[in-house]
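**Student:** This one is upload_4.cif, mmCIF, C-alpha atoms and all ligand atoms.
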```
data_work
loop_
_atom_site.label_atom_id
_atom_site.label_comp_id
_atom_site.auth_asym_id
_atom_site.auth_seq_id
_atom_site.Cartn_x
_atom_site.Cartn_y
_atom_site.Cartn_z
CA MET G 1 59.32 0.82 186.93
CA ASP G 2 56.49 2.49 188.83
CA ASP G 3 53.54 0.18 189.59
CA THR G 4 51.00 2.64 188.14
CA VAL G 5 52.03 1.13 184.79
CA LEU G 6 52.44 -2.64 184.56
CA THR G 7 54.58 -3.99 181.76
CA ARG G 8 54.77 -7.48 180.36
CA ARG G 9 55.86 -9.20 177.21
CA GLU G 10 53.58 -11.36 175.09
CA GLY G 11 56.03 -12.60 172.49
CA SER G 12 57.01 -9.60 170.36
CA VAL G 13 54.31 -7.41 171.93
CA LEU G 14 55.10 -5.09 174.82
CA VAL G 15 51.93 -4.75 176.89
CA LEU G 16 51.56 -1.60 179.01
CA THR G 17 48.71 -1.55 181.49
CA LEU G 18 47.62 1.62 183.31
CA ASN G 19 47.19 0.48 186.88
CA ARG G 20 45.65 3.15 189.09
CA PRO G 21 42.09 1.89 189.01
CA ASP G 22 40.94 3.58 192.25
CA LYS G 23 41.77 6.96 190.59
CA MET G 24 40.31 6.02 187.20
CA ASN G 25 43.92 5.70 185.97
CA ALA G 26 44.31 9.48 186.12
CA LEU G 27 47.88 10.35 185.21
CA ILE G 28 50.43 11.52 187.76
CA GLY G 29 54.15 12.25 187.43
CA PRO G 30 55.40 8.70 188.05
CA THR G 31 52.91 7.32 185.51
CA HIS G 32 54.22 9.70 182.88
CA GLN G 33 57.78 8.70 183.71
CA ALA G 34 56.93 5.01 183.50
CA LEU G 35 55.20 5.46 180.13
CA HIS G 36 58.12 7.53 178.87
CA ASP G 37 60.57 4.78 179.90
CA ALA G 38 58.40 2.06 178.39
CA PHE G 39 58.11 3.76 175.00
CA ALA G 40 61.86 4.47 175.00
CA LEU G 41 62.44 0.77 175.63
CA ALA G 42 60.01 -0.15 172.85
CA ALA G 43 61.94 2.10 170.48
CA GLU G 44 65.33 0.64 171.37
CA ASP G 45 64.50 -3.04 171.64
CA ASP G 46 64.32 -4.70 168.22
CA SER G 47 62.54 -7.68 169.71
CA VAL G 48 59.54 -5.44 170.48
CA ARG G 49 57.51 -5.24 167.26
CA ALA G 50 54.24 -3.80 168.61
CA VAL G 51 52.96 -2.13 171.77
CA LEU G 52 49.57 -2.71 173.36
CA LEU G 53 48.37 0.03 175.72
CA THR G 54 45.55 -0.93 178.01
CA ALA G 55 44.25 -0.36 181.54
CA VAL G 56 42.56 -2.00 184.48
CA GLY G 57 39.37 -0.96 186.25
CA ARG G 58 36.26 0.84 185.10
CA ALA G 59 38.14 3.65 183.37
CA PHE G 60 40.79 3.54 180.71
CA CYS G 61 42.13 6.91 181.86
CA ALA G 62 40.54 10.08 183.27
CA GLY G 63 43.34 12.30 181.96
CA GLN G 64 45.53 14.38 184.21
CA ASP G 65 45.01 13.74 187.92
CA LEU G 66 43.39 17.01 188.88
CA THR G 67 44.32 16.59 192.51
CA GLU G 68 48.06 16.39 191.89
CA PRO G 69 49.51 19.46 193.61
CA ALA G 70 52.04 20.37 190.92
CA VAL G 71 49.44 20.59 188.20
CA ALA G 72 47.91 24.06 188.40
CA GLU G 73 51.18 26.02 188.51
CA ASP G 74 51.84 26.18 184.76
CA LEU G 75 49.81 23.97 182.47
CA GLY G 76 52.03 24.81 179.50
CA ARG G 77 54.99 23.44 181.36
CA ALA G 78 53.03 20.36 182.36
CA LEU G 79 52.28 19.73 178.69
CA ASP G 80 55.87 20.38 177.65
CA GLU G 81 57.27 18.03 180.24
CA ARG G 82 54.66 15.29 180.32
CA PHE G 83 51.86 14.98 177.78
CA ASN G 84 53.60 16.29 174.68
CA PRO G 85 56.60 13.94 174.98
CA LEU G 86 54.17 11.05 175.47
CA THR G 87 52.13 11.87 172.38
CA ARG G 88 55.33 12.36 170.39
CA ALA G 89 56.75 9.06 171.66
CA ILE G 90 53.68 7.17 170.47
CA ARG G 91 53.47 8.88 167.10
CA SER G 92 57.18 8.65 166.34
CA LEU G 93 57.63 5.06 167.48
CA PRO G 94 58.37 3.21 164.23
CA LYS G 95 56.23 0.29 165.39
CA PRO G 96 52.46 -0.07 165.69
CA VAL G 97 50.74 0.93 168.93
CA VAL G 98 47.38 -0.65 169.70
CA CYS G 99 45.14 0.83 172.38
CA ALA G 100 42.36 -1.09 174.11
CA VAL G 101 39.93 1.28 175.83
CA GLN G 102 37.95 -0.75 178.35
CA GLY G 103 36.05 2.06 180.10
CA VAL G 104 35.77 5.82 180.12
CA ALA G 105 38.58 7.74 178.42
CA ALA G 106 38.36 11.41 179.42
CA GLY G 107 40.46 14.51 178.80
CA ALA G 108 44.03 13.71 177.94
CA GLY G 109 43.13 10.06 178.62
CA ALA G 110 40.95 10.14 175.49
CA ASN G 111 43.66 11.81 173.48
CA LEU G 112 46.30 9.42 174.72
CA ALA G 113 44.17 6.68 173.17
CA LEU G 114 43.66 8.64 169.94
CA ALA G 115 47.42 9.05 169.55
CA CYS G 116 47.69 5.29 169.04
CA ASP G 117 47.59 3.63 165.62
CA ILE G 118 44.78 1.14 166.14
CA VAL G 119 42.22 2.09 168.77
CA LEU G 120 39.81 -0.56 169.99
CA ALA G 121 37.10 0.02 172.57
CA GLY G 122 34.82 -2.19 174.61
CA ARG G 123 31.13 -1.62 173.91
CA SER G 124 30.64 0.16 177.25
CA ALA G 125 33.61 2.52 176.78
CA ARG G 126 33.06 6.27 176.35
CA PHE G 127 35.28 9.01 175.01
CA ILE G 128 34.90 12.44 176.61
CA GLN G 129 36.71 15.61 175.63
CA ALA G 130 36.12 16.74 179.21
CA PHE G 131 38.41 19.77 179.07
CA VAL G 132 35.67 22.33 178.52
CA HIS G 133 34.07 21.38 181.85
CA ILE G 134 37.15 22.69 183.66
CA GLY G 135 37.87 25.66 181.41
CA LEU G 136 40.57 24.06 179.23
CA ILE G 137 41.03 23.11 175.59
CA PRO G 138 41.72 19.60 174.28
CA ASP G 139 45.43 18.86 174.60
CA ALA G 140 47.91 15.98 174.22
CA GLY G 141 47.24 16.33 170.46
CA GLY G 142 43.43 16.42 170.68
CA THR G 143 42.95 19.49 168.48
CA TRP G 144 45.09 17.78 165.82
CA PHE G 145 43.67 14.26 166.04
CA LEU G 146 39.97 15.10 166.31
CA PRO G 147 39.39 17.02 163.07
CA ARG G 148 41.54 14.56 161.15
CA LEU G 149 39.65 11.59 162.49
CA VAL G 150 36.07 12.81 162.51
CA GLY G 151 36.05 16.09 160.56
CA ASP G 152 35.89 19.66 161.75
CA ALA G 153 32.19 19.83 162.63
CA ARG G 154 32.26 16.78 164.88
CA ALA G 155 35.62 17.77 166.36
CA ARG G 156 34.23 21.13 167.41
CA GLY G 157 31.08 19.53 168.78
CA MET G 158 33.03 17.01 170.83
CA ALA G 159 35.46 19.63 172.15
CA MET G 160 32.96 22.40 172.86
CA LEU G 161 30.13 20.34 174.29
CA GLY G 162 32.30 17.75 176.07
CA GLU G 163 29.59 15.11 175.78
CA PRO G 164 30.39 11.40 176.07
CA VAL G 165 30.80 9.57 172.75
CA SER G 166 29.95 5.89 172.99
CA ALA G 167 32.29 3.24 171.59
CA GLN G 168 29.78 2.44 168.86
CA GLN G 169 29.47 6.13 167.90
CA ALA G 170 33.26 6.36 167.98
CA GLU G 171 33.53 3.52 165.48
CA ASP G 172 30.71 4.86 163.31
CA GLN G 173 32.31 8.32 163.18
CA GLY G 174 35.82 7.07 162.46
CA LEU G 175 37.23 8.12 165.82
CA ILE G 176 38.45 4.58 166.46
CA TRP G 177 39.10 1.43 164.47
CA ARG G 178 36.62 -0.92 166.12
CA CYS G 179 34.11 -1.35 168.94
CA LEU G 180 34.25 -4.88 170.41
CA PRO G 181 32.40 -6.83 173.09
CA ASP G 182 33.61 -5.88 176.59
CA GLU G 183 34.13 -9.53 177.46
CA THR G 184 36.59 -10.23 174.65
CA LEU G 185 38.27 -6.83 174.30
CA ALA G 186 41.49 -7.76 176.13
CA GLU G 187 41.94 -10.99 174.21
CA ASP G 188 40.96 -9.48 170.85
CA ALA G 189 43.33 -6.56 171.35
CA LEU G 190 46.22 -8.89 172.10
CA VAL G 191 45.45 -10.96 169.00
CA ILE G 192 45.49 -7.80 166.86
CA ALA G 193 48.72 -6.58 168.48
CA GLN G 194 50.33 -9.98 167.89
CA ARG G 195 49.14 -9.96 164.30
CA LEU G 196 50.74 -6.54 163.81
CA ALA G 197 53.93 -7.75 165.51
CA ALA G 198 54.26 -10.47 162.88
CA LEU G 199 53.96 -8.03 159.97
CA PRO G 200 56.84 -6.20 158.24
CA THR G 201 57.71 -3.82 161.07
CA GLN G 202 59.81 -1.45 158.96
CA ALA G 203 56.96 -0.96 156.52
CA LEU G 204 54.52 -0.28 159.36
CA GLY G 205 56.93 2.30 160.79
CA HIS G 206 57.19 3.98 157.39
CA MET G 207 53.38 4.02 157.10
CA LYS G 208 53.10 5.83 160.42
CA ARG G 209 55.54 8.43 159.22
CA ALA G 210 53.85 8.85 155.86
CA PHE G 211 50.40 9.29 157.40
CA ASP G 212 51.63 11.88 159.88
CA LEU G 213 53.52 13.83 157.20
CA ALA G 214 50.44 13.78 154.95
CA ALA G 215 48.71 16.09 157.40
CA SER G 216 51.02 18.97 156.55
CA GLN G 217 52.20 18.24 153.01
CA THR G 218 50.94 18.89 149.51
CA LEU G 219 50.23 15.93 147.25
CA ASP G 220 53.49 16.62 145.43
CA GLN G 221 55.45 16.52 148.66
CA GLN G 222 53.62 13.43 149.77
CA LEU G 223 54.43 11.62 146.53
CA ASP G 224 58.09 12.35 147.18
CA THR G 225 57.75 11.11 150.75
CA GLU G 226 56.16 7.88 149.51
CA ARG G 227 58.97 7.45 147.00
CA ASP G 228 61.63 7.85 149.70
CA LEU G 229 59.96 5.60 152.22
CA GLN G 230 59.08 2.98 149.62
CA ARG G 231 62.71 2.94 148.55
CA GLU G 232 63.62 2.14 152.16
CA ALA G 233 60.91 -0.50 152.44
CA GLY G 234 62.06 -2.07 149.19
CA ARG G 235 65.52 -2.62 150.67
CA THR G 236 64.29 -4.60 153.67
CA PRO G 237 64.57 -8.38 153.98
CA ASP G 238 60.80 -8.41 154.57
CA PHE G 239 60.10 -7.07 151.09
CA ASN G 240 62.29 -9.80 149.68
CA GLU G 241 60.51 -12.40 151.81
CA GLY G 242 57.06 -11.05 150.95
CA VAL G 243 57.67 -11.32 147.21
CA ARG G 244 59.36 -14.72 147.50
CA ALA G 245 56.49 -16.08 149.60
CA PHE G 246 53.99 -14.74 147.07
CA VAL G 247 55.75 -16.44 144.19
CA GLU G 248 56.16 -19.67 146.15
CA LYS G 249 52.48 -19.54 147.20
CA ARG G 250 53.19 -19.77 150.93
CA ALA G 251 52.67 -17.51 153.95
CA PRO G 252 55.51 -15.02 154.44
CA VAL G 253 57.62 -15.06 157.59
CA PHE G 254 58.59 -11.47 158.34
CA THR G 255 61.40 -10.61 160.73
CA GLY G 256 60.92 -6.86 160.96
CA ARG G 257 64.63 -6.30 160.37
CA PRO G 258 65.87 -3.09 158.77
CA ALA G 259 67.64 -3.03 155.41
O1 LIG G 301 46.97 19.76 184.03
C1 LIG G 301 47.80 19.55 183.17
O2 LIG G 301 48.86 18.93 183.37
C2 LIG G 301 47.47 19.95 181.79
C3 LIG G 301 46.93 18.81 181.10
C4 LIG G 301 45.64 18.46 181.25
C5 LIG G 301 45.17 17.26 180.58
C6 LIG G 301 43.82 16.81 181.07
O3 LIG G 301 43.60 15.62 181.01
S1 LIG G 301 42.71 17.91 181.62
C7 LIG G 301 41.28 16.92 181.84
C8 LIG G 301 41.35 16.11 183.09
N1 LIG G 301 40.29 15.16 183.19
C9 LIG G 301 39.01 15.50 183.41
O4 LIG G 301 38.64 16.65 183.47
C10 LIG G 301 38.06 14.37 183.67
C11 LIG G 301 37.55 14.46 185.09
N2 LIG G 301 36.71 13.35 185.41
C12 LIG G 301 35.46 13.22 184.94
O5 LIG G 301 34.95 14.00 184.18
C13 LIG G 301 34.68 12.06 185.48
O6 LIG G 301 35.25 11.63 186.69
C14 LIG G 301 34.66 10.86 184.49
C15 LIG G 301 33.82 11.23 183.27
C16 LIG G 301 36.07 10.47 184.05
C17 LIG G 301 34.00 9.65 185.16
O7 LIG G 301 32.77 10.04 185.71
P1 LIG G 301 32.04 9.05 186.73
O8 LIG G 301 30.73 9.70 187.09
O9 LIG G 301 31.98 7.69 186.13
O10 LIG G 301 32.99 8.94 188.00
P2 LIG G 301 33.30 10.06 189.10
O11 LIG G 301 32.42 9.81 190.28
O12 LIG G 301 33.25 11.41 188.50
O13 LIG G 301 34.82 9.75 189.44
C18 LIG G 301 35.19 8.60 190.22
C19 LIG G 301 36.38 8.98 191.06
O14 LIG G 301 37.51 9.25 190.23
C20 LIG G 301 36.12 10.25 191.87
O15 LIG G 301 36.84 10.13 193.09
P3 LIG G 301 36.09 9.73 194.46
O16 LIG G 301 35.02 10.76 194.66
O17 LIG G 301 35.53 8.36 194.22
O18 LIG G 301 37.18 9.77 195.48
C21 LIG G 301 36.75 11.31 191.02
O19 LIG G 301 37.12 12.43 191.72
C22 LIG G 301 38.01 10.56 190.51
N3 LIG G 301 38.51 11.17 189.31
C23 LIG G 301 37.96 11.12 188.06
N4 LIG G 301 38.69 11.80 187.21
C24 LIG G 301 39.75 12.29 187.91
C25 LIG G 301 39.64 11.88 189.24
N5 LIG G 301 40.54 12.21 190.16
C26 LIG G 301 41.56 13.00 189.77
N6 LIG G 301 41.72 13.42 188.52
C27 LIG G 301 40.86 13.10 187.56
N7 LIG G 301 41.06 13.50 186.30
#
```
Could you write out this structure as structure tokens?
**Tutor:**
Amino acid sequence: MDDTVLTRREGSVLVLTLNRPDKMNALIGPTHQALHDAFALAAEDDSVRAVLLTAVGRAFCAGQDLTEPAVAEDLGRALDERFNPLTRAIRSLPKPVVCAVQGVAAGAGANLALACDIVLAGRSARFIQAFVHIGLIPDAGGTWFLPRLVGDARARGMAMLGEPVSAQQAEDQGLIWRCLPDETLAEDALVIAQRLAALPTQALGHMKRAFDLAASQTLDQQLDTERDLQREAGRTPDFNEGVRAFVEKRAPVFTGRPA
């Protein structure tokens, strides 16, 4: 694996760390490839029950590396080959993905974070839809995530003005789950990822799917989706264990195994 993304295991959590701090973790081809490989591994390996995406340095990620020579030729192709598969990999992974934003997250770097299920940010972090400053539109899912997270008015403001949004504003506006002290962000994020990794993984995967489908379905369709996914969840050993533990008044021990 390329060293612009460091990978390590913390129990059932796969930790991915963007590691190009001198370039504000701006994304280049090898970084995309490494992330692609890591999410493929997370999908295949049953012992991985949550992913934590984080970064080193003063930026979480400044988006596409604007100095990479290949970039300007065809941005549509760049999205097709790089950013879109990454966003899809995160959203379709049937396991929770936590993101810890420890510094500025700009352009596709911000939207990479927003693709994750639980987004945490250090108090000094900032989110910038920087695209407008270089004549582009939010990509990597930004035009889909933003209005759903913060509403249309704020989404348009963020995209069109490209102003920094502080971590506290991001929490207040529903852009992220929580703003945390810079000093404890890394540790807190790992604790949350480990907590998620100990939960009923199949159910969490079904939740991800249900929430994403809800964006394009009627209530009727969504009720059917819930029925189908709940049927699946109800067949898992974790449902059995959850109910048994409840009756026996003890903490459940979930394995994350499929039905
Ligand atoms: O192209 C395609 O494939 C299509 C997809 C596009 C997706 C995108 O992500 S487009 C958006 C790309 N990102 C941006 O437009 C953000 C550009 N960067 C910034 O706006 C600012 O640098 C930051 C707000 C992120 C941070 O500002 P600040 O003042 O804290 O730092 P700085 O001085 O601007 O940057 C520090 C260094 O990082 C600097 O290099 P130097 O002068 O020290 O050698 C700067 O050039 C470099 N840097 C920051 N962002 C990028 C970058 N280098 C390459 N690419 C970057 N995106």
**Student:** Throw together the list of residues within 7 Å of ligand LIG 301 (chain G), counting only C-alpha atoms and all ligand atoms, and drop it here as a tab-separated table (two decimals) with C-alpha atoms, keeping the file's coordinate frame.
**Tutor:**
```tsv
chain	number	residue	atom	x	y	z
G	22	ASP	CA	40.94	3.58	192.25
G	23	LYS	CA	41.77	6.96	190.59
G	24	MET	CA	40.31	6.02	187.20
G	26	ALA	CA	44.31	9.48	186.12
G	62	ALA	CA	40.54	10.08	183.27
G	63	GLY	CA	43.34	12.30	181.96
G	64	GLN	CA	45.53	14.38	184.21
G	65	ASP	CA	45.01	13.74	187.92
G	66	LEU	CA	43.39	17.01	188.88
G	67	THR	CA	44.32	16.59	192.51
G	71	VAL	CA	49.44	20.59	188.20
G	72	ALA	CA	47.91	24.06	188.40
G	75	LEU	CA	49.81	23.97	182.47
G	78	ALA	CA	53.03	20.36	182.36
G	79	LEU	CA	52.28	19.73	178.69
G	104	VAL	CA	35.77	5.82	180.12
G	105	ALA	CA	38.58	7.74	178.42
G	106	ALA	CA	38.36	11.41	179.42
G	107	GLY	CA	40.46	14.51	178.80
G	108	ALA	CA	44.03	13.71	177.94
G	109	GLY	CA	43.13	10.06	178.62
G	128	ILE	CA	34.90	12.44	176.61
G	130	ALA	CA	36.12	16.74	179.21
G	131	PHE	CA	38.41	19.77	179.07
G	133	HIS	CA	34.07	21.38	181.85
G	134	ILE	CA	37.15	22.69	183.66
G	136	LEU	CA	40.57	24.06	179.23
G	139	ASP	CA	45.43	18.86	174.60
```
**Student:** Name all residues at most 12 Å from Gly151 in chain G (count only C-alpha atoms; drop same-chain ones fewer than 6 positions away) and give them as an mmCIF file with C-alpha atoms, in the frame of the given file.
**Tutor:**
```cif
data_model
loop_
_atom_site.group_PDB
_atom_site.id
_atom_site.type_symbol
_atom_site.label_atom_id
_atom_site.label_comp_id
_atom_site.auth_asym_id
_atom_site.auth_seq_id
_atom_site.Cartn_x
_atom_site.Cartn_y
_atom_site.Cartn_z
ATOM 1 C CA THR G 143 42.950 19.490 168.480
ATOM 2 C CA TRP G 144 45.090 17.780 165.820
ATOM 3 C CA PHE G 145 43.670 14.260 166.040
ATOM 4 C CA GLY G 157 31.080 19.530 168.780
ATOM 5 C CA MET G 158 33.030 17.010 170.830
ATOM 6 C CA GLN G 173 32.310 8.320 163.180
ATOM 7 C CA GLY G 174 35.820 7.070 162.460
ATOM 8 C CA LEU G 175 37.230 8.120 165.820
#
```
**Student:** Please measure the separation of CA of Phe127 in chain G and CA of Ser12 in chain G, giving the value in Å to one decimal.
**Tutor:**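 Going from CA of Phe127 in chain G over to CA of Ser12 in chain G covers 29.0 Å.
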**Student:** From the options G:Ala59, G:Leu219, G:Leu18, G:Val253, which residue's atoms come nearest to Pro30 in chain G, counting all atoms listed in the file?
**Tutor:**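 For Pro30 in chain G, the nearest of the given residues is G:Leu18.
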**Student:** For the atom pair CA of Ala43 in chain G and CA of Ile90 in chain G, what is the interatomic distance in Å to one decimal place?
**Tutor:**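 For CA of Ala43 in chain G relative to CA of Ile90 in chain G, the distance reads 9.7 Å.
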**Student:** Excluding same-chain residues fewer than 3 positions from Thr184 in chain G, what lies within 12 Å of it counting only C-alpha atoms, as a list of chain:residue names?
**Tutor:**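 Counting only the stated atoms, we get G:Ala100, G:Gln102, G:Leu120, G:Ala121, G:Gly122, G:Arg123, G:Cys179, G:Leu180, G:Pro181, G:Glu187, G:Asp188, G:Ala189, G:Leu190, G:Val191.
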**Student:** For CA of Arg195 in chain G and CA of Pro147 in chain G, determine how far apart the two atoms are, in Å to one decimal place.
**Tutor:** 28.7 Å
**Student:** If the box runs along x, y and z of the file and leaves 5 Å on each side of range 15-22 of chain G, what are its centre and edge lengths in Å, one decimal, as JSON?
**Tutor:**
```
{"center_x": 46.4, "center_y": -0.6, "center_z": 184.6, "size_x": 21.0, "size_y": 18.3, "size_z": 25.4}
```
**Student:** If you count only C-alpha atoms, which residues fall within 9 Å of Thr7 in chain G, apart from same-chain ones fewer than 4 positions away, as a VMD selection string?
**Tutor:** chain G and resid 1 3 14 to 17 38
**Student:** Restricting the calculation to all atoms listed in the file, which member of G:His36, G:Cys99, G:Ala113, G:Ser47 is positioned closest to Leu86 in chain G?
**Tutor:**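 Counting all atoms listed in the file, the residue closest to Leu86 in chain G is G:His36.
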**Student:** Can you list, as a ChimeraX atom specification, every protein, DNA or RNA residue that comes within 12 Å of Phe211 in chain G when you count only C-alpha atoms, leaving out same-chain residues fewer than 5 positions away?
**Tutor:** /G:91-92,117,148,204-206,216-217,222-223,225-226,229
**Student:** Considering only C-alpha atoms, state which residue in the set G:Thr255, G:Gln169, G:Asn19, G:Thr218 is at the smallest distance from Ala125 in chain G.
**Tutor:**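 Result for the nearest residue to Ala125 in chain G: G:Gln169.
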**Student:** Can you work out which one of G:Arg82, G:Arg20, G:Arg8, G:Lys249 has the shortest atom-to-atom distance to Val51 in chain G, counting all atoms listed in the file?
**Tutor:**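 Ranked by minimum distance to Val51 in chain G, first place goes to G:Arg8.
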**Student:** Please determine, counting only C-alpha atoms, which residue among G:Leu112, G:Asp46, G:Asn84, G:Pro96 has the shortest atom-to-atom distance to Pro258 in chain G.
**Tutor:**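 Under the stated criterion, the closest residue is G:Asp46.
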**Student:** Restore all heavy atoms in range 183-191 of chain G and list the result as a short mmCIF file (atom, residue, chain, number, x, y, z; two decimals), keeping the file's coordinate frame.
**Tutor:**
```
data_model
loop_
_atom_site.label_atom_id
_atom_site.label_comp_id
_atom_site.auth_asym_id
_atom_site.auth_seq_id
_atom_site.Cartn_x
_atom_site.Cartn_y
_atom_site.Cartn_z
N GLU G 183 33.61 -8.27 176.92
CA GLU G 183 34.13 -9.53 177.46
C GLU G 183 35.37 -10.02 176.71
O GLU G 183 36.21 -10.72 177.28
CB GLU G 183 33.06 -10.64 177.39
CG GLU G 183 31.72 -10.32 178.04
CD GLU G 183 30.89 -9.33 177.23
OE1 GLU G 183 30.85 -9.43 175.99
OE2 GLU G 183 30.31 -8.42 177.85
N THR G 184 35.47 -9.68 175.43
CA THR G 184 36.59 -10.23 174.65
C THR G 184 37.63 -9.16 174.27
O THR G 184 38.60 -9.48 173.58
CB THR G 184 36.08 -10.90 173.34
OG1 THR G 184 35.42 -9.90 172.55
CG2 THR G 184 35.14 -12.04 173.63
N LEU G 185 37.39 -7.93 174.73
CA LEU G 185 38.27 -6.83 174.30
C LEU G 185 39.76 -7.13 174.55
O LEU G 185 40.60 -6.99 173.65
CB LEU G 185 37.88 -5.52 175.01
CG LEU G 185 38.81 -4.35 174.70
CD1 LEU G 185 38.63 -3.86 173.28
CD2 LEU G 185 38.58 -3.21 175.69
N ALA G 186 40.08 -7.56 175.77
CA ALA G 186 41.49 -7.76 176.13
C ALA G 186 42.13 -8.80 175.22
O ALA G 186 43.23 -8.60 174.69
CB ALA G 186 41.60 -8.17 177.59
N GLU G 187 41.41 -9.90 175.04
CA GLU G 187 41.94 -10.99 174.21
C GLU G 187 42.03 -10.56 172.74
O GLU G 187 43.04 -10.79 172.06
CB GLU G 187 40.99 -12.18 174.36
CG GLU G 187 41.54 -13.50 173.96
CD GLU G 187 40.43 -14.55 174.06
OE1 GLU G 187 39.64 -14.52 175.03
OE2 GLU G 187 40.35 -15.37 173.13
N ASP G 188 40.98 -9.92 172.25
CA ASP G 188 40.96 -9.48 170.85
C ASP G 188 42.08 -8.49 170.57
O ASP G 188 42.72 -8.51 169.52
CB ASP G 188 39.62 -8.83 170.49
CG ASP G 188 38.47 -9.82 170.51
OD1 ASP G 188 38.73 -11.03 170.52
OD2 ASP G 188 37.31 -9.38 170.54
N ALA G 189 42.30 -7.59 171.54
CA ALA G 189 43.33 -6.56 171.35
C ALA G 189 44.71 -7.21 171.28
O ALA G 189 45.55 -6.82 170.46
CB ALA G 189 43.28 -5.55 172.49
N LEU G 190 44.92 -8.21 172.12
CA LEU G 190 46.22 -8.89 172.10
C LEU G 190 46.42 -9.62 170.77
O LEU G 190 47.51 -9.60 170.19
CB LEU G 190 46.34 -9.85 173.29
CG LEU G 190 47.68 -10.55 173.43
CD1 LEU G 190 48.83 -9.55 173.57
CD2 LEU G 190 47.67 -11.48 174.65
N VAL G 191 45.35 -10.25 170.29
CA VAL G 191 45.45 -10.96 169.00
C VAL G 191 45.83 -9.97 167.89
O VAL G 191 46.70 -10.24 167.06
CB VAL G 191 44.12 -11.69 168.67
CG1 VAL G 191 44.10 -12.16 167.22
CG2 VAL G 191 43.92 -12.86 169.62
#
```
